[in-house]
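Reproduced below: target.txt, with compact mmCIF, N, CA and C atoms.
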# COMPACT_ATOMS: atom_id res chain seq x y z
N GLN I 1 0.84 -1.19 0.00
CA GLN I 1 0.00 0.00 0.00
C GLN I 1 0.88 1.24 0.00
N VAL I 2 0.49 2.23 -0.77
CA VAL I 2 1.23 3.49 -0.87
C VAL I 2 0.33 4.62 -0.42
N GLN I 3 0.87 5.48 0.42
CA GLN I 3 0.16 6.69 0.82
C GLN I 3 0.85 7.90 0.19
N LEU I 4 0.04 8.81 -0.32
CA LEU I 4 0.55 10.02 -0.95
C LEU I 4 0.00 11.24 -0.21
N ALA I 5 0.87 12.19 0.05
CA ALA I 5 0.45 13.40 0.76
C ALA I 5 0.98 14.61 0.02
N GLU I 6 0.04 15.43 -0.51
CA GLU I 6 0.42 16.66 -1.19
C GLU I 6 0.54 17.80 -0.19
N SER I 7 1.37 18.76 -0.55
CA SER I 7 1.48 19.99 0.23
C SER I 7 1.93 21.10 -0.70
N GLY I 8 1.74 22.35 -0.24
CA GLY I 8 2.24 23.48 -1.00
C GLY I 8 1.20 24.27 -1.77
N GLY I 9 -0.05 23.86 -1.70
CA GLY I 9 -1.08 24.61 -2.39
C GLY I 9 -1.36 25.94 -1.69
N GLY I 10 -2.15 26.78 -2.35
CA GLY I 10 -2.49 28.06 -1.74
C GLY I 10 -3.01 29.06 -2.74
N LEU I 11 -3.00 30.31 -2.34
CA LEU I 11 -3.49 31.42 -3.16
C LEU I 11 -2.31 32.21 -3.69
N VAL I 12 -2.34 32.51 -4.98
CA VAL I 12 -1.25 33.26 -5.60
C VAL I 12 -1.83 34.17 -6.67
N GLN I 13 -1.18 35.29 -6.91
CA GLN I 13 -1.63 36.18 -7.97
C GLN I 13 -1.16 35.66 -9.33
N ALA I 14 -1.90 36.05 -10.35
CA ALA I 14 -1.52 35.67 -11.70
C ALA I 14 -0.08 36.12 -11.98
N GLY I 15 0.67 35.24 -12.63
CA GLY I 15 2.07 35.50 -12.90
C GLY I 15 3.01 34.98 -11.83
N GLY I 16 2.45 34.58 -10.71
CA GLY I 16 3.25 34.07 -9.61
C GLY I 16 3.60 32.60 -9.75
N SER I 17 4.22 32.08 -8.71
CA SER I 17 4.69 30.69 -8.72
C SER I 17 4.29 29.98 -7.45
N LEU I 18 4.14 28.68 -7.58
CA LEU I 18 3.92 27.79 -6.45
C LEU I 18 4.64 26.48 -6.72
N ARG I 19 5.03 25.79 -5.67
CA ARG I 19 5.58 24.46 -5.82
C ARG I 19 4.79 23.50 -4.95
N LEU I 20 4.26 22.50 -5.58
CA LEU I 20 3.57 21.43 -4.87
C LEU I 20 4.53 20.27 -4.64
N SER I 21 4.37 19.64 -3.50
CA SER I 21 5.15 18.44 -3.18
C SER I 21 4.20 17.28 -2.98
N CYS I 22 4.68 16.10 -3.29
CA CYS I 22 3.90 14.88 -3.08
C CYS I 22 4.85 13.86 -2.47
N ALA I 23 4.63 13.57 -1.20
CA ALA I 23 5.49 12.63 -0.48
C ALA I 23 4.82 11.26 -0.45
N ALA I 24 5.59 10.25 -0.85
CA ALA I 24 5.08 8.88 -0.88
C ALA I 24 5.64 8.10 0.31
N SER I 25 4.78 7.29 0.89
CA SER I 25 5.22 6.44 1.98
C SER I 25 4.56 5.07 1.83
N GLY I 26 5.13 4.09 2.54
CA GLY I 26 4.53 2.76 2.55
C GLY I 26 5.10 1.80 1.54
N ARG I 27 6.07 2.26 0.73
CA ARG I 27 6.68 1.36 -0.25
C ARG I 27 8.19 1.40 -0.05
N PRO I 28 8.87 0.26 0.05
CA PRO I 28 10.29 0.26 0.40
C PRO I 28 11.21 0.75 -0.70
N ASP I 29 10.76 0.74 -1.94
CA ASP I 29 11.64 1.22 -3.00
C ASP I 29 10.98 2.41 -3.68
N SER I 30 11.62 2.95 -4.66
CA SER I 30 11.13 4.19 -5.28
C SER I 30 10.61 3.97 -6.68
N SER I 31 10.23 2.74 -7.04
CA SER I 31 9.80 2.47 -8.40
C SER I 31 8.33 2.84 -8.59
N LEU I 32 8.06 4.10 -8.47
CA LEU I 32 6.71 4.62 -8.65
C LEU I 32 6.72 5.61 -9.80
N ALA I 33 5.98 5.31 -10.85
CA ALA I 33 5.72 6.32 -11.86
C ALA I 33 4.67 7.26 -11.27
N MET I 34 4.87 8.56 -11.46
CA MET I 34 4.00 9.54 -10.82
C MET I 34 3.34 10.44 -11.84
N GLY I 35 2.15 10.88 -11.48
CA GLY I 35 1.43 11.82 -12.32
C GLY I 35 0.82 12.93 -11.49
N TRP I 36 0.63 14.07 -12.11
CA TRP I 36 -0.10 15.17 -11.50
C TRP I 36 -1.35 15.42 -12.34
N PHE I 37 -2.46 15.54 -11.64
CA PHE I 37 -3.74 15.82 -12.27
C PHE I 37 -4.35 17.03 -11.59
N ARG I 38 -5.33 17.62 -12.23
CA ARG I 38 -6.04 18.72 -11.60
C ARG I 38 -7.50 18.69 -11.98
N GLN I 39 -8.32 19.22 -11.06
CA GLN I 39 -9.75 19.29 -11.29
C GLN I 39 -10.22 20.69 -10.96
N ALA I 40 -10.62 21.41 -11.99
CA ALA I 40 -11.16 22.75 -11.82
C ALA I 40 -12.62 22.66 -11.41
N PRO I 41 -13.15 23.71 -10.80
CA PRO I 41 -14.56 23.69 -10.38
C PRO I 41 -15.50 23.40 -11.54
N GLY I 42 -16.35 22.40 -11.36
CA GLY I 42 -17.32 22.06 -12.38
C GLY I 42 -16.78 21.29 -13.56
N LYS I 43 -15.51 20.87 -13.48
CA LYS I 43 -14.91 20.15 -14.61
C LYS I 43 -14.39 18.80 -14.15
N GLU I 44 -14.04 17.99 -15.12
CA GLU I 44 -13.48 16.68 -14.83
C GLU I 44 -12.00 16.80 -14.46
N ARG I 45 -11.50 15.79 -13.83
CA ARG I 45 -10.08 15.76 -13.48
C ARG I 45 -9.26 15.40 -14.72
N ASP I 46 -8.23 16.20 -14.97
CA ASP I 46 -7.42 16.03 -16.17
C ASP I 46 -5.94 15.92 -15.83
N LEU I 47 -5.22 15.30 -16.72
CA LEU I 47 -3.77 15.17 -16.56
C LEU I 47 -3.08 16.51 -16.71
N VAL I 48 -2.11 16.78 -15.84
CA VAL I 48 -1.23 17.94 -15.98
C VAL I 48 0.10 17.49 -16.57
N GLY I 49 0.65 16.44 -16.01
CA GLY I 49 1.91 15.91 -16.48
C GLY I 49 2.27 14.65 -15.73
N ALA I 50 3.37 14.03 -16.14
CA ALA I 50 3.78 12.77 -15.53
C ALA I 50 5.30 12.65 -15.56
N ILE I 51 5.82 11.79 -14.69
CA ILE I 51 7.25 11.55 -14.64
C ILE I 51 7.48 10.06 -14.41
N SER I 52 8.46 9.50 -15.10
CA SER I 52 8.77 8.09 -14.93
C SER I 52 9.49 7.86 -13.60
N TRP I 53 9.63 6.60 -13.20
CA TRP I 53 10.14 6.34 -11.86
C TRP I 53 11.59 6.80 -11.69
N SER I 54 12.36 6.78 -12.77
CA SER I 54 13.75 7.23 -12.65
C SER I 54 13.86 8.75 -12.75
N GLY I 55 12.83 9.39 -13.29
CA GLY I 55 12.90 10.82 -13.54
C GLY I 55 13.44 11.16 -14.91
N ALA I 56 13.83 10.15 -15.67
CA ALA I 56 14.44 10.41 -16.98
C ALA I 56 13.42 10.88 -18.01
N ASN I 57 12.17 10.53 -17.81
CA ASN I 57 11.12 10.87 -18.77
C ASN I 57 10.05 11.71 -18.11
N THR I 58 9.64 12.76 -18.79
CA THR I 58 8.53 13.59 -18.32
C THR I 58 7.59 13.89 -19.48
N TYR I 59 6.37 14.23 -19.11
CA TYR I 59 5.36 14.57 -20.10
C TYR I 59 4.52 15.70 -19.52
N TYR I 60 4.15 16.64 -20.39
CA TYR I 60 3.29 17.76 -19.97
C TYR I 60 2.20 17.97 -21.01
N VAL I 61 1.03 18.34 -20.54
CA VAL I 61 -0.01 18.73 -21.49
C VAL I 61 0.35 20.11 -22.05
N ASP I 62 -0.19 20.41 -23.20
CA ASP I 62 0.20 21.64 -23.91
C ASP I 62 -0.06 22.90 -23.09
N SER I 63 -1.14 22.90 -22.32
CA SER I 63 -1.53 24.12 -21.60
C SER I 63 -0.55 24.51 -20.50
N VAL I 64 0.31 23.60 -20.07
CA VAL I 64 1.27 23.93 -19.01
C VAL I 64 2.71 23.82 -19.48
N LYS I 65 2.90 23.36 -20.69
CA LYS I 65 4.26 23.16 -21.19
C LYS I 65 5.01 24.49 -21.20
N GLY I 66 6.23 24.47 -20.67
CA GLY I 66 7.03 25.68 -20.59
C GLY I 66 6.80 26.49 -19.33
N ARG I 67 5.73 26.16 -18.59
CA ARG I 67 5.43 26.88 -17.35
C ARG I 67 5.57 25.98 -16.12
N PHE I 68 5.22 24.70 -16.28
CA PHE I 68 5.25 23.76 -15.16
C PHE I 68 6.41 22.78 -15.35
N THR I 69 7.00 22.35 -14.25
CA THR I 69 8.07 21.38 -14.29
C THR I 69 7.84 20.32 -13.21
N ILE I 70 7.92 19.07 -13.62
CA ILE I 70 7.81 17.97 -12.66
C ILE I 70 9.20 17.40 -12.44
N SER I 71 9.54 17.20 -11.18
CA SER I 71 10.83 16.60 -10.83
C SER I 71 10.61 15.67 -9.65
N ARG I 72 11.64 14.93 -9.31
CA ARG I 72 11.51 14.01 -8.20
C ARG I 72 12.84 13.82 -7.50
N ASP I 73 12.75 13.52 -6.22
CA ASP I 73 13.90 13.18 -5.40
C ASP I 73 13.60 11.81 -4.81
N ASN I 74 14.13 10.77 -5.43
CA ASN I 74 13.80 9.42 -4.98
C ASN I 74 14.38 9.11 -3.61
N GLY I 75 15.43 9.81 -3.25
CA GLY I 75 15.97 9.61 -1.91
C GLY I 75 15.01 10.08 -0.83
N LYS I 76 14.16 11.02 -1.18
CA LYS I 76 13.16 11.54 -0.24
C LYS I 76 11.77 11.02 -0.56
N ASN I 77 11.66 10.17 -1.59
CA ASN I 77 10.35 9.64 -2.01
C ASN I 77 9.35 10.78 -2.25
N THR I 78 9.82 11.82 -2.91
CA THR I 78 8.99 13.01 -3.11
C THR I 78 9.05 13.45 -4.57
N VAL I 79 7.90 13.84 -5.08
CA VAL I 79 7.78 14.40 -6.41
C VAL I 79 7.28 15.83 -6.28
N TYR I 80 7.77 16.68 -7.18
CA TYR I 80 7.44 18.10 -7.11
C TYR I 80 6.76 18.56 -8.40
N LEU I 81 5.91 19.53 -8.25
CA LEU I 81 5.31 20.22 -9.39
C LEU I 81 5.59 21.70 -9.21
N GLN I 82 6.56 22.21 -9.96
CA GLN I 82 6.88 23.63 -9.93
C GLN I 82 6.01 24.33 -10.96
N MET I 83 5.23 25.29 -10.49
CA MET I 83 4.31 26.00 -11.36
C MET I 83 4.69 27.47 -11.42
N ASN I 84 5.07 27.92 -12.60
CA ASN I 84 5.46 29.31 -12.82
C ASN I 84 4.47 29.98 -13.77
N SER I 85 4.51 31.29 -13.80
CA SER I 85 3.64 32.07 -14.69
C SER I 85 2.19 31.60 -14.59
N LEU I 86 1.73 31.48 -13.38
CA LEU I 86 0.38 30.94 -13.16
C LEU I 86 -0.69 31.87 -13.71
N LYS I 87 -1.75 31.23 -14.20
CA LYS I 87 -2.88 31.94 -14.79
C LYS I 87 -4.14 31.60 -13.99
N PRO I 88 -5.14 32.46 -14.03
CA PRO I 88 -6.40 32.13 -13.33
C PRO I 88 -6.98 30.78 -13.75
N GLU I 89 -6.79 30.40 -14.99
CA GLU I 89 -7.32 29.12 -15.47
C GLU I 89 -6.57 27.91 -14.90
N ASP I 90 -5.48 28.16 -14.18
CA ASP I 90 -4.79 27.07 -13.49
C ASP I 90 -5.43 26.76 -12.14
N THR I 91 -6.41 27.56 -11.74
CA THR I 91 -7.10 27.32 -10.47
C THR I 91 -7.78 25.96 -10.48
N ALA I 92 -7.44 25.14 -9.50
CA ALA I 92 -7.97 23.78 -9.44
C ALA I 92 -7.48 23.11 -8.16
N ILE I 93 -8.01 21.93 -7.92
CA ILE I 93 -7.42 21.05 -6.91
C ILE I 93 -6.44 20.14 -7.65
N TYR I 94 -5.22 20.10 -7.16
CA TYR I 94 -4.17 19.32 -7.79
C TYR I 94 -3.94 18.02 -7.03
N TYR I 95 -3.90 16.93 -7.77
CA TYR I 95 -3.71 15.62 -7.19
C TYR I 95 -2.45 14.96 -7.74
N CYS I 96 -1.71 14.32 -6.86
CA CYS I 96 -0.65 13.45 -7.36
C CYS I 96 -1.16 12.01 -7.31
N ALA I 97 -0.59 11.20 -8.18
CA ALA I 97 -1.00 9.81 -8.30
C ALA I 97 0.21 8.94 -8.58
N ALA I 98 0.13 7.67 -8.19
CA ALA I 98 1.28 6.77 -8.32
C ALA I 98 0.90 5.45 -8.96
N ASN I 99 1.82 4.96 -9.78
CA ASN I 99 1.72 3.64 -10.40
C ASN I 99 2.97 2.87 -10.04
N PRO I 100 2.84 1.79 -9.24
CA PRO I 100 4.02 1.01 -8.87
C PRO I 100 4.47 0.12 -10.01
N THR I 101 5.50 0.56 -10.72
CA THR I 101 5.96 -0.14 -11.90
C THR I 101 7.47 -0.04 -12.01
N ARG I 102 8.08 -1.00 -12.68
CA ARG I 102 9.51 -0.92 -12.96
C ARG I 102 9.77 -0.41 -14.37
N ARG I 103 8.69 -0.19 -15.13
CA ARG I 103 8.87 0.38 -16.47
C ARG I 103 9.18 1.87 -16.34
N ASP I 104 10.20 2.34 -17.01
CA ASP I 104 10.60 3.74 -16.91
C ASP I 104 9.79 4.52 -17.94
N TYR I 105 8.56 4.78 -17.56
CA TYR I 105 7.55 5.20 -18.52
C TYR I 105 6.63 6.23 -17.88
N CYS I 106 6.12 7.14 -18.68
CA CYS I 106 5.13 8.10 -18.20
C CYS I 106 3.74 7.58 -18.51
N TYR I 107 2.92 7.50 -17.50
CA TYR I 107 1.55 7.03 -17.67
C TYR I 107 0.63 8.24 -17.78
N LEU I 108 -0.26 8.22 -18.77
CA LEU I 108 -1.03 9.40 -19.11
C LEU I 108 -2.52 9.26 -18.82
N VAL I 109 -2.93 8.07 -18.41
CA VAL I 109 -4.35 7.80 -18.21
C VAL I 109 -4.64 7.60 -16.73
N GLN I 110 -5.72 8.19 -16.25
CA GLN I 110 -6.03 8.09 -14.82
C GLN I 110 -6.16 6.64 -14.36
N ASP I 111 -6.72 5.79 -15.20
CA ASP I 111 -6.93 4.41 -14.81
C ASP I 111 -5.62 3.64 -14.61
N ASP I 112 -4.51 4.19 -15.08
CA ASP I 112 -3.22 3.54 -14.89
C ASP I 112 -2.65 3.79 -13.50
N TYR I 113 -3.27 4.68 -12.75
CA TYR I 113 -2.76 5.03 -11.43
C TYR I 113 -3.56 4.34 -10.35
N TYR I 114 -2.84 3.77 -9.38
CA TYR I 114 -3.47 2.97 -8.35
C TYR I 114 -3.66 3.74 -7.04
N TYR I 115 -2.81 4.72 -6.82
CA TYR I 115 -2.84 5.44 -5.55
C TYR I 115 -2.95 6.94 -5.83
N TRP I 116 -3.73 7.62 -4.98
CA TRP I 116 -4.00 9.04 -5.15
C TRP I 116 -3.82 9.79 -3.84
N GLY I 117 -3.35 11.02 -3.95
CA GLY I 117 -3.30 11.89 -2.79
C GLY I 117 -4.64 12.54 -2.54
N GLN I 118 -4.70 13.32 -1.48
CA GLN I 118 -5.97 13.92 -1.06
C GLN I 118 -6.29 15.21 -1.82
N GLY I 119 -5.32 15.73 -2.51
CA GLY I 119 -5.53 16.95 -3.30
C GLY I 119 -5.05 18.19 -2.58
N ALA I 120 -4.50 19.12 -3.36
CA ALA I 120 -4.03 20.39 -2.82
C ALA I 120 -4.67 21.51 -3.63
N PRO I 121 -5.43 22.39 -2.98
CA PRO I 121 -6.10 23.47 -3.72
C PRO I 121 -5.12 24.56 -4.12
N VAL I 122 -5.25 24.99 -5.36
CA VAL I 122 -4.47 26.10 -5.89
C VAL I 122 -5.45 27.12 -6.46
N THR I 123 -5.34 28.34 -6.00
CA THR I 123 -6.19 29.42 -6.49
C THR I 123 -5.31 30.53 -7.04
N VAL I 124 -5.55 30.91 -8.29
CA VAL I 124 -4.79 31.96 -8.93
C VAL I 124 -5.73 33.13 -9.17
N SER I 125 -5.43 34.24 -8.53
CA SER I 125 -6.29 35.43 -8.68
C SER I 125 -5.78 36.31 -9.82
N SER I 126 -6.72 36.98 -10.45
CA SER I 126 -6.35 37.85 -11.59
C SER I 126 -6.02 39.26 -11.14

Could I get this file's structure written as structure tokens?
Amino acid sequence: QVQLAESGGGLVQAGGSLRLSCAASGRPDSSLAMGWFRQAPGKERDLVGAISWSGANTYYVDSVKGRFTISRDNGKNTVYLQMNSLKPEDTAIYYCAANPTRRDYCYLVQDDYYYWGQGAPVTVSS
């Protein structure tokens, strides 16, 4: 069983930055492919980006490419989502998710993820 805990959400003005963290516990090794998703008010939860278990591979949706960066520190079992140049349309609850796999691959579909965090709210004011 894997537990995920997000932190770092909050309120920021447009153009500002936030960094979300997702700490994983309950698994003795670090072979977790990770994804970040978000759910805006009244909308479905969508992929933001993903990172393979080694960190060698990343993927971003077009709307955040060049502004958001996903990284990981496997020694700390933590994945980060650095969000720069935030826009009001980035307002959402952000979730991290994990897939316990040894494939060094980015998973892009929600159904591929077995474990989810509780969500971190991000509000971007205009």

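If you measure from each of I:Ser85, I:Gln118, I:Ser52, I:Ser7 to Arg102 (chain I) using only C-alpha atoms, the closest one turns out to be I:Ser52.
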
Query raised in the report: So how many Å separate atom C of Gln1 (chain I) and CA of Ala50 (chain I), to one decimal?
Result: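 CA of Ala50 (chain I) lies at a distance of 19.6 Å from atom C of Gln1 (chain I).
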
Report task. Mind the document's chain letters and residue numbers, and return as number ranges by chain the residues of chain I that DSSP labels helix (DSSP H, G or I). Result -> I: 88-90, 110-112

Query - Contact residues around Phe37 (chain I) with only N, CA and C atoms at 8 Å, ignoring same-chain residues under 3 positions, as a list in words - result: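 The residues that qualify are Met34, Ala40, Arg45, Asp46, Leu47, Val48, Gly49, Ala50, Ala92, Ile93, Tyr94, Tyr95, Cys96 and Ala97 of chain I.
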
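Here atom C of Leu11 (chain I) stands at a distance of 24.6 Å from CA of Ala24 (chain I).
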
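Atom pair CA of Asp73 (chain I) / atom C of Lys87 (chain I) has a distance of 27.2 Å (rounded to one decimal).
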
Report task. Within 8 Å of Pro100 (chain I), counting all atoms listed in the file, which residues show up once you throw out same-chain ones fewer than 5 positions away? Write them as a ChimeraX atom specification, please. Result -> /I:30-34,112-115

Report task. Run DSSP on the backbone of this structure and report the residues of region 4-114 of chain I it assigns to strand (DSSP E or B), as a ChimeraX atom specification. Result -> /I:4-7,10-13,18-25,32-39,45-51,58-60,68-73,78-83,92-100

Query raised in the report: Which polymer residues have any atom within 6 Å of an atom of Glu6 (chain I), counting all atoms listed in the file, with same-chain residues fewer than 4 positions away left out, as a VMD selection string?
Result: chain I and resid 21 to 23 117 to 120

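Of the listed residues I:Leu86, I:Ile51, I:Val79, I:Val109, the one whose atoms come nearest to Arg67 (chain I) is I:Leu86, with distances taken using only N, CA and C atoms.
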